[in-house]
Each structure stands twice: as structure tokens, then as C-alpha cells.
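This is run29.cif (mmCIF, C-alpha atoms).
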data_data
#
loop_
_atom_site.label_atom_id
_atom_site.label_comp_id
_atom_site.auth_asym_id
_atom_site.auth_seq_id
_atom_site.Cartn_x
_atom_site.Cartn_y
_atom_site.Cartn_z
CA MET J 1 -107.38 -60.64 247.27
CA SER J 2 -104.64 -58.05 247.61
CA GLN J 3 -105.49 -56.62 251.02
CA MET J 4 -107.81 -59.30 252.38
CA THR J 5 -105.35 -61.80 253.79
CA ARG J 6 -106.38 -65.33 254.67
CA ARG J 7 -105.55 -64.58 258.30
CA SER J 8 -107.77 -61.48 258.48
CA LEU J 9 -110.64 -63.29 256.79
CA VAL J 10 -110.45 -66.24 259.16
CA ALA J 11 -110.27 -63.86 262.12
CA ALA J 12 -113.39 -62.08 260.93
CA LEU J 13 -115.27 -65.31 260.52
CA ALA J 14 -114.16 -66.62 263.89
CA THR J 15 -116.09 -63.81 265.55
CA SER J 16 -119.21 -64.36 263.44
CA PRO J 17 -120.95 -67.76 263.48
CA LEU J 18 -123.45 -66.59 260.87
CA TRP J 19 -121.51 -67.85 257.85
CA LEU J 20 -121.90 -71.44 259.05
CA GLN J 21 -125.63 -71.44 258.38
CA THR J 22 -127.34 -72.18 255.07
CA ALA J 23 -129.29 -68.95 255.40
CA TRP J 24 -129.12 -66.36 258.12
CA ALA J 25 -130.88 -63.16 259.07
CA GLN J 26 -130.32 -60.39 261.56
CA THR J 27 -132.65 -57.64 262.65
CA GLY J 28 -131.72 -54.38 260.95
CA ALA J 29 -129.15 -56.05 258.70
CA LEU J 30 -128.73 -55.26 255.01
CA LYS J 31 -130.36 -57.99 252.91
CA ILE J 32 -128.40 -59.86 250.22
CA SER J 33 -130.51 -62.00 247.88
CA HIS J 34 -129.47 -64.47 245.19
CA GLN J 35 -130.93 -67.44 243.32
CA PHE J 36 -128.14 -69.96 243.91
CA PRO J 37 -127.95 -72.85 246.38
CA GLY J 38 -126.85 -71.86 249.87
CA GLY J 39 -123.75 -73.25 251.54
CA THR J 40 -120.94 -72.06 253.79
CA LEU J 41 -117.83 -70.00 253.35
CA ALA J 42 -115.79 -73.12 252.57
CA GLU J 43 -118.25 -75.20 250.55
CA GLY J 44 -120.90 -74.77 247.89
CA ASP J 45 -121.60 -72.50 244.94
CA PHE J 46 -118.86 -69.88 244.83
CA ARG J 47 -121.39 -67.09 244.30
CA ASP J 48 -123.03 -67.88 247.64
CA ARG J 49 -119.58 -68.18 249.24
CA LEU J 50 -118.61 -64.78 247.83
CA THR J 51 -121.63 -63.09 249.44
CA ARG J 52 -120.67 -64.65 252.80
CA MET J 53 -117.04 -63.56 252.46
CA PHE J 54 -118.22 -60.07 251.52
CA ALA J 55 -120.58 -59.84 254.50
CA ALA J 56 -118.04 -61.10 257.03
CA GLU J 57 -115.23 -58.83 255.83
CA VAL J 58 -117.35 -55.68 255.59
CA GLU J 59 -118.72 -56.35 259.07
CA LYS J 60 -115.14 -56.70 260.34
CA ARG J 61 -113.89 -53.50 258.67
CA THR J 62 -116.86 -51.48 259.92
CA LYS J 63 -116.42 -52.90 263.44
CA GLY J 64 -119.87 -54.43 263.38
CA THR J 65 -121.73 -51.25 262.43
CA LEU J 66 -122.77 -52.93 259.17
CA LYS J 67 -124.35 -56.37 259.29
CA PHE J 68 -125.89 -58.52 256.56
CA SER J 69 -128.55 -61.20 256.14
CA ILE J 70 -128.08 -63.60 253.20
CA TYR J 71 -131.00 -65.22 251.41
CA PRO J 72 -129.90 -67.91 248.92
CA GLY J 73 -132.10 -69.93 246.57
CA SER J 74 -134.50 -67.04 245.83
CA SER J 75 -135.81 -67.51 249.38
CA LEU J 76 -136.43 -63.78 249.89
CA MET J 77 -137.98 -62.94 246.53
CA LYS J 78 -138.32 -64.32 243.03
CA THR J 79 -135.19 -64.30 240.90
CA ASN J 80 -136.40 -61.85 238.27
CA ALA J 81 -137.71 -59.40 240.88
CA GLN J 82 -134.29 -58.69 242.43
CA PHE J 83 -132.96 -56.00 240.08
CA SER J 84 -136.18 -53.99 240.15
CA ALA J 85 -136.31 -54.30 243.94
CA MET J 86 -132.80 -52.85 244.22
CA ARG J 87 -133.75 -49.93 241.99
CA LYS J 88 -136.74 -49.18 244.21
CA GLY J 89 -134.74 -49.54 247.43
CA ALA J 90 -136.77 -52.61 248.48
CA LEU J 91 -133.68 -54.88 248.37
CA ASP J 92 -130.22 -53.86 249.54
CA LEU J 93 -127.88 -56.15 247.57
CA SER J 94 -128.08 -58.99 245.05
CA LEU J 95 -125.71 -61.17 243.07
CA VAL J 96 -127.72 -61.71 239.90
CA PRO J 97 -127.09 -62.12 236.15
CA LEU J 98 -127.36 -58.57 234.84
CA SER J 99 -129.10 -59.65 231.63
CA TYR J 100 -132.11 -60.85 233.65
CA ALA J 101 -133.05 -57.16 233.88
CA GLY J 102 -132.99 -56.68 230.10
CA GLY J 103 -136.77 -56.34 229.86
CA GLU J 104 -136.65 -53.41 232.27
CA VAL J 105 -133.36 -51.82 231.19
CA PRO J 106 -132.44 -53.05 227.67
CA GLU J 107 -128.90 -51.70 227.89
CA VAL J 108 -127.89 -54.31 230.50
CA ASN J 109 -128.26 -57.13 227.97
CA ILE J 110 -124.71 -56.32 226.95
CA GLY J 111 -123.80 -58.48 229.97
CA LEU J 112 -124.71 -61.61 228.00
CA MET J 113 -124.00 -60.63 224.40
CA PRO J 114 -122.92 -63.72 222.42
CA GLY J 115 -119.38 -63.55 221.11
CA LEU J 116 -118.69 -60.08 222.49
CA VAL J 117 -116.58 -61.46 225.35
CA THR J 118 -114.52 -64.58 224.65
CA SER J 119 -112.11 -64.68 227.63
CA TYR J 120 -111.96 -63.79 231.31
CA GLU J 121 -109.10 -61.39 230.67
CA GLN J 122 -111.18 -59.43 228.18
CA GLY J 123 -114.27 -59.41 230.40
CA TYR J 124 -112.48 -58.25 233.54
CA GLY J 125 -110.60 -55.74 231.39
CA TRP J 126 -113.89 -53.93 230.81
CA LYS J 127 -113.87 -52.52 234.35
CA ASN J 128 -111.16 -49.92 233.75
CA LYS J 129 -111.94 -49.26 230.09
CA GLU J 130 -114.52 -46.93 228.57
CA ILE J 131 -117.14 -49.69 228.40
CA GLY J 132 -116.82 -50.43 232.12
CA LYS J 133 -117.06 -46.80 233.14
CA ALA J 134 -120.07 -46.25 230.88
CA LEU J 135 -121.86 -49.36 232.19
CA THR J 136 -121.13 -48.40 235.81
CA GLN J 137 -122.53 -44.92 235.20
CA LEU J 138 -125.62 -46.30 233.46
CA LEU J 139 -126.39 -48.56 236.43
CA TRP J 140 -125.83 -45.70 238.86
CA GLU J 141 -128.36 -43.60 236.94
CA LYS J 142 -130.81 -46.52 237.09
CA GLY J 143 -130.43 -46.72 240.86
CA VAL J 144 -127.91 -49.56 241.18
CA VAL J 145 -124.28 -49.57 242.39
CA LEU J 146 -121.84 -52.06 240.86
CA VAL J 147 -119.90 -53.55 243.80
CA SER J 148 -118.04 -56.63 242.42
CA TRP J 149 -117.31 -57.46 238.78
CA ILE J 150 -117.98 -61.17 238.22
CA TRP J 151 -117.75 -62.92 234.84
CA GLN J 152 -118.50 -66.56 234.16
CA ALA J 153 -117.95 -68.65 231.06
CA GLY J 154 -120.78 -70.95 230.10
CA GLY J 155 -121.43 -74.20 228.35
CA VAL J 156 -124.34 -76.22 227.03
CA ALA J 157 -125.96 -79.14 228.86
CA SER J 158 -128.07 -81.28 226.54
CA ARG J 159 -130.38 -84.23 227.05
CA VAL J 160 -130.03 -85.13 223.34
CA LYS J 161 -126.63 -84.45 221.73
CA PRO J 162 -123.67 -82.07 222.02
CA VAL J 163 -124.31 -78.52 220.77
CA VAL J 164 -121.01 -77.25 219.40
CA ASP J 165 -121.63 -75.55 216.04
CA PRO J 166 -124.74 -73.55 215.07
CA GLU J 167 -126.04 -76.37 212.89
CA ASP J 168 -126.19 -78.64 215.96
CA ALA J 169 -128.94 -76.47 217.47
CA LYS J 170 -131.39 -76.89 214.60
CA GLY J 171 -134.73 -78.30 215.76
CA MET J 172 -133.81 -78.32 219.46
CA LYS J 173 -135.59 -76.51 222.31
CA ILE J 174 -132.84 -74.48 223.98
CA ARG J 175 -132.54 -71.96 226.81
CA GLY J 176 -130.14 -69.12 225.95
CA GLY J 177 -130.39 -66.88 228.99
CA SER J 178 -130.99 -63.51 227.33
CA ARG J 179 -132.84 -61.91 224.43
CA GLU J 180 -129.60 -61.73 222.47
CA MET J 181 -128.68 -65.38 223.05
CA ASP J 182 -132.18 -66.33 221.97
CA LEU J 183 -131.75 -64.40 218.72
CA ILE J 184 -128.68 -66.38 217.65
CA LEU J 185 -130.31 -69.66 218.65
CA LYS J 186 -133.36 -68.81 216.54
CA ALA J 187 -131.09 -67.94 213.63
CA ALA J 188 -129.45 -71.35 214.05
CA GLY J 189 -132.87 -73.02 213.80
CA ALA J 190 -133.59 -73.70 217.48
CA ALA J 191 -136.80 -73.05 219.40
CA VAL J 192 -136.00 -70.92 222.44
CA VAL J 193 -137.16 -71.39 226.02
CA SER J 194 -136.93 -68.48 228.49
CA LEU J 195 -136.49 -69.14 232.20
CA PRO J 196 -133.96 -68.45 234.99
CA SER J 197 -131.18 -70.94 235.65
CA ASN J 198 -132.77 -72.30 238.83
CA GLU J 199 -135.69 -73.62 236.73
CA ILE J 200 -133.62 -75.45 234.08
CA TYR J 201 -133.50 -78.82 235.84
CA ALA J 202 -137.28 -79.27 235.92
CA ALA J 203 -137.68 -78.20 232.30
CA MET J 204 -135.04 -80.65 231.08
CA GLN J 205 -136.35 -83.42 233.30
CA THR J 206 -139.84 -83.15 231.80
CA GLY J 207 -138.60 -82.75 228.23
CA ALA J 208 -139.95 -79.22 227.95
CA MET J 209 -136.41 -78.26 227.00
CA ASP J 210 -133.66 -80.16 225.20
CA ALA J 211 -130.63 -78.10 226.15
CA ALA J 212 -129.57 -75.07 228.16
CA LEU J 213 -126.74 -72.58 228.03
CA THR J 214 -125.66 -71.48 231.49
CA SER J 215 -122.52 -70.87 233.52
CA SER J 216 -120.21 -73.73 234.47
CA THR J 217 -121.03 -73.08 238.12
CA SER J 218 -124.77 -73.39 237.51
CA LEU J 219 -124.21 -76.50 235.41
CA ILE J 220 -122.75 -78.02 238.59
CA SER J 221 -124.84 -76.40 241.33
CA PHE J 222 -128.19 -77.23 239.77
CA ARG J 223 -127.12 -80.86 239.15
CA LEU J 224 -127.93 -80.74 235.45
CA GLU J 225 -125.67 -83.74 234.85
CA GLU J 226 -128.55 -85.83 236.23
CA VAL J 227 -130.73 -84.91 233.24
CA SER J 228 -128.04 -84.55 230.54
CA LYS J 229 -126.40 -86.84 228.02
CA ALA J 230 -123.91 -84.30 226.68
CA LEU J 231 -121.96 -81.24 227.76
CA THR J 232 -120.18 -78.58 225.73
CA THR J 233 -117.78 -76.87 228.12
CA GLY J 234 -116.68 -73.26 228.35
CA ARG J 235 -113.11 -74.09 229.32
CA GLY J 236 -110.48 -72.72 226.98
CA THR J 237 -112.81 -70.49 224.98
CA ALA J 238 -116.52 -69.68 224.80
CA TYR J 239 -119.02 -67.45 223.05
CA TRP J 240 -121.22 -67.38 226.20
CA PHE J 241 -119.86 -65.14 228.96
CA MET J 242 -122.25 -63.93 231.64
CA PHE J 243 -121.73 -60.73 233.61
CA GLU J 244 -123.11 -61.60 237.04
CA PRO J 245 -122.05 -58.85 239.45
CA LEU J 246 -122.71 -58.21 243.09
CA MET J 247 -124.80 -55.05 243.09
CA MET J 248 -126.31 -52.73 245.66
CA SER J 249 -129.31 -50.46 245.75
CA ARG J 250 -128.15 -46.88 245.25
CA ALA J 251 -130.78 -45.73 247.75
CA ALA J 252 -129.37 -48.10 250.40
CA TYR J 253 -125.79 -47.15 249.50
CA GLU J 254 -126.38 -43.41 249.76
CA ARG J 255 -127.89 -43.78 253.23
CA LEU J 256 -124.54 -44.98 254.54
CA PRO J 257 -121.69 -42.78 255.78
CA LYS J 258 -118.66 -42.43 253.51
CA GLU J 259 -116.47 -44.81 255.51
CA GLN J 260 -119.04 -47.61 255.23
CA GLN J 261 -119.44 -46.96 251.50
CA ALA J 262 -115.66 -47.17 251.14
CA ALA J 263 -115.54 -50.50 252.99
CA ILE J 264 -118.23 -51.98 250.74
CA MET J 265 -116.49 -50.93 247.54
CA ALA J 266 -113.02 -51.98 248.73
CA VAL J 267 -114.12 -55.48 249.76
CA GLY J 268 -116.18 -55.84 246.59
CA ALA J 269 -113.14 -55.08 244.44
CA GLU J 270 -110.86 -57.40 246.40
CA LEU J 271 -113.24 -60.33 245.95
CA GLU J 272 -113.02 -60.13 242.15
CA ALA J 273 -109.81 -62.18 242.18
CA PHE J 274 -111.60 -64.93 244.11
CA ALA J 275 -114.54 -64.82 241.69
CA LYS J 276 -112.33 -65.17 238.65
CA SER J 277 -110.29 -68.08 239.99
CA ALA J 278 -113.42 -69.86 241.27
CA ALA J 279 -115.23 -69.49 237.95
CA GLN J 280 -112.22 -70.83 236.05
CA ALA J 281 -111.94 -73.76 238.45
CA ASP J 282 -115.60 -74.59 237.79
CA ASP J 283 -114.97 -74.50 234.03
CA THR J 284 -112.59 -77.42 234.57
CA GLN J 285 -114.56 -79.19 237.29
CA VAL J 286 -117.78 -79.27 235.29
CA ALA J 287 -116.18 -81.58 232.71
CA ALA J 288 -115.21 -84.08 235.40
CA VAL J 289 -118.68 -83.96 236.96
CA TYR J 290 -120.42 -84.73 233.68
CA GLN J 291 -117.93 -87.39 232.63
CA LYS J 292 -118.49 -89.16 235.94
CA ALA J 293 -122.24 -89.07 235.29
CA GLY J 294 -121.70 -90.74 231.92
CA ALA J 295 -122.29 -87.72 229.70
CA ARG J 296 -120.31 -87.08 226.53
CA VAL J 297 -118.07 -84.04 227.10
CA VAL J 298 -116.76 -81.85 224.26
CA ASP J 299 -114.92 -78.52 224.14
CA LEU J 300 -115.38 -75.53 221.87
CA ASN J 301 -112.63 -74.43 219.53
CA ALA J 302 -111.84 -71.07 217.94
CA ALA J 303 -113.51 -72.04 214.65
CA SER J 304 -116.80 -72.88 216.39
CA VAL J 305 -116.71 -69.61 218.35
CA ARG J 306 -116.20 -67.66 215.11
CA LYS J 307 -119.28 -69.33 213.59
CA TRP J 308 -121.47 -68.23 216.49
CA GLN J 309 -119.84 -64.79 216.48
CA ALA J 310 -120.65 -64.33 212.78
CA ILE J 311 -124.34 -65.06 213.45
CA ALA J 312 -124.28 -62.76 216.49
CA ARG J 313 -123.00 -59.78 214.52
CA THR J 314 -125.93 -59.84 212.11
CA THR J 315 -128.62 -60.71 214.64
CA ALA J 316 -128.00 -60.06 218.34
CA TRP J 317 -125.46 -57.25 218.00
CA LYS J 318 -127.51 -55.54 215.30
CA ASP J 319 -130.75 -55.83 217.26
CA TYR J 320 -129.12 -54.54 220.46
CA GLY J 321 -127.41 -51.61 218.76
CA GLU J 322 -130.70 -50.49 217.26
CA ARG J 323 -132.61 -50.49 220.57
CA ASN J 324 -131.53 -46.97 221.58
CA ASP J 325 -128.57 -44.60 221.56
CA ASN J 326 -127.22 -45.93 224.86
CA CYS J 327 -127.17 -49.49 223.50
CA ALA J 328 -125.38 -48.38 220.34
CA ARG J 329 -122.75 -46.53 222.39
CA LEU J 330 -122.17 -49.41 224.81
CA LEU J 331 -121.81 -51.89 221.94
CA ALA J 332 -119.28 -49.70 220.15
CA LEU J 333 -117.24 -49.30 223.33
CA ALA J 334 -117.34 -53.05 224.01
CA GLU J 335 -116.24 -53.90 220.47
CA LYS J 336 -113.06 -51.89 221.11
CA THR J 337 -112.01 -54.59 223.58
CA LEU J 338 -112.21 -57.45 221.05
#
Transcribe the structure of this file into C-alpha cells.
Amino acid sequence: MSQMTRRSLVAALATSPLWLQTAWAQTGALKISHQFPGGTLAEGDFRDRLTRMFAAEVEKRTKGTLKFSIYPGSSLMKTNAQFSAMRKGALDLSLVPLSYAGGEVPEVNIGLMPGLVTSYEQGYGWKNKEIGKALTQLLWEKGVVLVSWIWQAGGVASRVKPVVDPEDAKGMKIRGGSREMDLILKAAGAAVVSLPSNEIYAAMQTGAMDAALTSSTSLISFRLEEVSKALTTGRGTAYWFMFEPLMMSRAAYERLPKEQQAAIMAVGAELEAFAKSAAQADDTQVAAVYQKAGARVVDLNAASVRKWQAIARTTAWKDYGERNDNCARLLALAEKTL
């Protein structure tokens, strides 16, 4: 955080007891919804912590003229309803995997395109490149403002065996997380299961699913080590990178005066450094969590990533590029960053 010093953040929080609560609401406040477990500023899922840091700092900079209510754990609305609600102006802000809206806006599936992003540096580099500007404009036209860029590497939790190379997936029931991830899993011989990350635990516990690809943070927060025998981590390198930004309803954004809009965008940008470091820390921590639980932990290597990437080019990338002209353009711009 370049401008948001530790001292200023602590000072802001000292005047607002709201961040201490698991969930909090204020009359007339802007609503922030997400699917992840609630916590506090100092503890818990970093995505929940980020929304609390954002709320406290924006409130401070706007001298209390903007206030926020945070609803973790899909307590305000169902996970998959959040993006549509923002577009309609029925929800103010949400931190949600962008690809969850792929059925409504197919272009956004580029946010979980297998093998297209293979490092944090590349993913965050999108923001100021052609692909980032085009994606930001697309979302704006769809009624959504991109506030904070957040990327997360992902791994595979399995109740059966490690899933490292494509051949390991054959015959398994696996959750990919997007249409495009499902396409490469099918090509590898897996049966796909579609559900949001907060429903993975129950599906693996009952045997309805053998393995799931999700972010390192979700692998920890949803306690999947309790139902897993193996973990393939995303530390070092990965073919699964999720774009999971903090977004705002354009209708809600445009109702605000310019100075409040500026505060929202400034704080959102400053928090990207926190998001990156927290996600990378979770990539390392997840291995320790699963090892402690007795699971076998393995890492991906460049050769394995190339195998998945080769399948992706002829399945997921091809399918996405053929959806419409916007998809084809976004894919071409993203490929320039490889």
C-alpha cells in the first residue's frame, strides 16, 4: 500500500468498531457481499479482511460520508446472484470470482482461462496493458466497475490421489470452477462437477466429487484438508489462476460525487499490493496445512503446466474465442502477455 500507511489504517479502525464483528450492517450504508468466511481485519480469509480494510479506509477518507455494511458467507444473497445484482443496482459491491458470471456475460470467463495466466506478475500486469483496459471497459458497459484487481493461484484438493498431469484426472469427478476449466478436464477424461467454492466441502465429504480446483485461500478457508488425501499446490507455478476482483455496481458508483468515487478507486488500487502478498502467502501456507492433516502434498512443474496448456489451446481457448467477437479480441490481447 503506497499511500495507505499502517498508522493511518490503524487510526481509521480505532474510530470504527465495526471491523471487529463477523458481520456488520449500518442503515443507509453501501452493501458489500462475498461468499467467504467472515473474520476481522487481523484474522481470517484475506478476501474478507480486504473488504474490511477497504470499508474502513474509504470511510476515513470521506470523513464518514460513505459507510459500508459487509455480508460474508453469502449471508446477503446467493453466491451466483451477486454479479447480476450489481449490474441491476440491487447490490453495491462484491468480491467474487469473475468467471462465476460466465453464463450471463461469456467474455468474463477469461478470468479463469486455464494456462493463460501462469504467474502473479503476468496477471497483475494485465491491468495497465491492452487486455486490462479492454476488460475494464467491457465490465463498465455491462454495469460493473472494477475497483481492485485480485489474482489467486489455485491447486487441487483430492480425496483419492494427487492430480498433477492431465492423465491423473481420468475417471475422476472434478470441480474446475469455470466452463473453460471444465473443458480441459473433460478432454483429460474427467467427469466435471459445477458448483461454487463454498459448496465443495459437502460434495467431497459425501463422495459426490473426488477433487476440486480452487484458490489456495479457499483450500484453507473451507477446511478442505479435512476431506482430502492429496493436494497439488499452486506455489511456484500453476495453470489455474482466478481473477477475483472487488467490483462495484456502476449505478451505485455513478450516484456518488466525484470525490467519493476517487476515494473508492484510490483505496481499491492501493489494496492490490496487500491482495497479492496475501494470496502468495496462502500458496505457501496451504501446503503446511495439508501436510499437518496427513495429506500428500505435491507441486506442479513447468512440464506439467505445458501439458495442461496444450490441451487448453485446442479446447478451452478455441471454444472461448469462437463465442463472439469480444471473446476473440480479449483472448488475442491476453495472449500478448504470455
- [ ] Mind checking which residues fall within 6 Å of J:Arg87, counting all atoms listed in the file, ignoring those fewer than 3 positions away in the same chain, and posting them as a list in words?
- [x] Ser84, Gly143, Val144 and Ser249 of chain J
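Reported to one decimal place, the separation of atom CA of J:Met113 from atom CA of J:Met181 is 6.8 Å.
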Open item on the list: Selection in question (the file shown): the PyMOL selection byres ((chain J and resi 47-51) around 8). Which residues does it include, as a list in words?
Closed with: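 When the PyMOL selection byres ((chain J and resi 47-51) around 8) is applied, the selected residues are Ile32, His34, Phe36, Pro37, Gly38, Gly39, Thr40, Leu41, Ala42, Glu43, Gly44, Asp45, Phe46, Arg52, Met53, Phe54, Ala55, Ile70, Pro72, Leu95, Leu271, Phe274 and Ala275 of chain J.
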- [ ] For stretch 116-127 of chain J, please output as a ChimeraX atom specification all residues within 8 Å (counting only C-alpha atoms; exclusion window: fewer than 3 positions along the same chain).
- [x] /J:113,130-133,149-153,237-241,276,309,334-335,337-338
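Between atom CA of J:Asp325 and atom CA of J:Glu107 the interatomic distance comes to 9.5 Å.
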Considering all atoms listed in the file, give me a table of residues in stretch 243-317 of chain J that are at most 12 Å from stretch 99-106 of chain J, with the closest atom pair and distance in Å for each, as a tab-separated table.
residue	atom	partner	partner_atom	distance
J:Phe243	CA	J:Ser99	CA	7.7
J:Glu244	CA	J:Ser99	CA	8.3
J:Pro245	CA	J:Ser99	CA	10.6
Emit the selected residues as an mmCIF file, in the frame of the given file, including C-alpha atoms.
data_model
loop_
_atom_site.group_PDB
_atom_site.id
_atom_site.type_symbol
_atom_site.label_atom_id
_atom_site.label_comp_id
_atom_site.auth_asym_id
_atom_site.auth_seq_id
_atom_site.Cartn_x
_atom_site.Cartn_y
_atom_site.Cartn_z
ATOM 1 C CA PHE J 243 -121.730 -60.730 233.610
ATOM 2 C CA GLU J 244 -123.110 -61.600 237.040
ATOM 3 C CA PRO J 245 -122.050 -58.850 239.450
#
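Checking J:Tyr320, J:Phe83, J:Phe222, J:Trp308 one by one against J:Leu146, counting only C-alpha atoms, you find the shortest gap at J:Phe83.
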Task: Explicit residue set for the PyMOL selection byres ((chain J and resi 284) around 12), as an MDAnalysis selection string - done: chainID J and resid 153:155 215:217 219:220 232:237 277:283 285:291 297:299
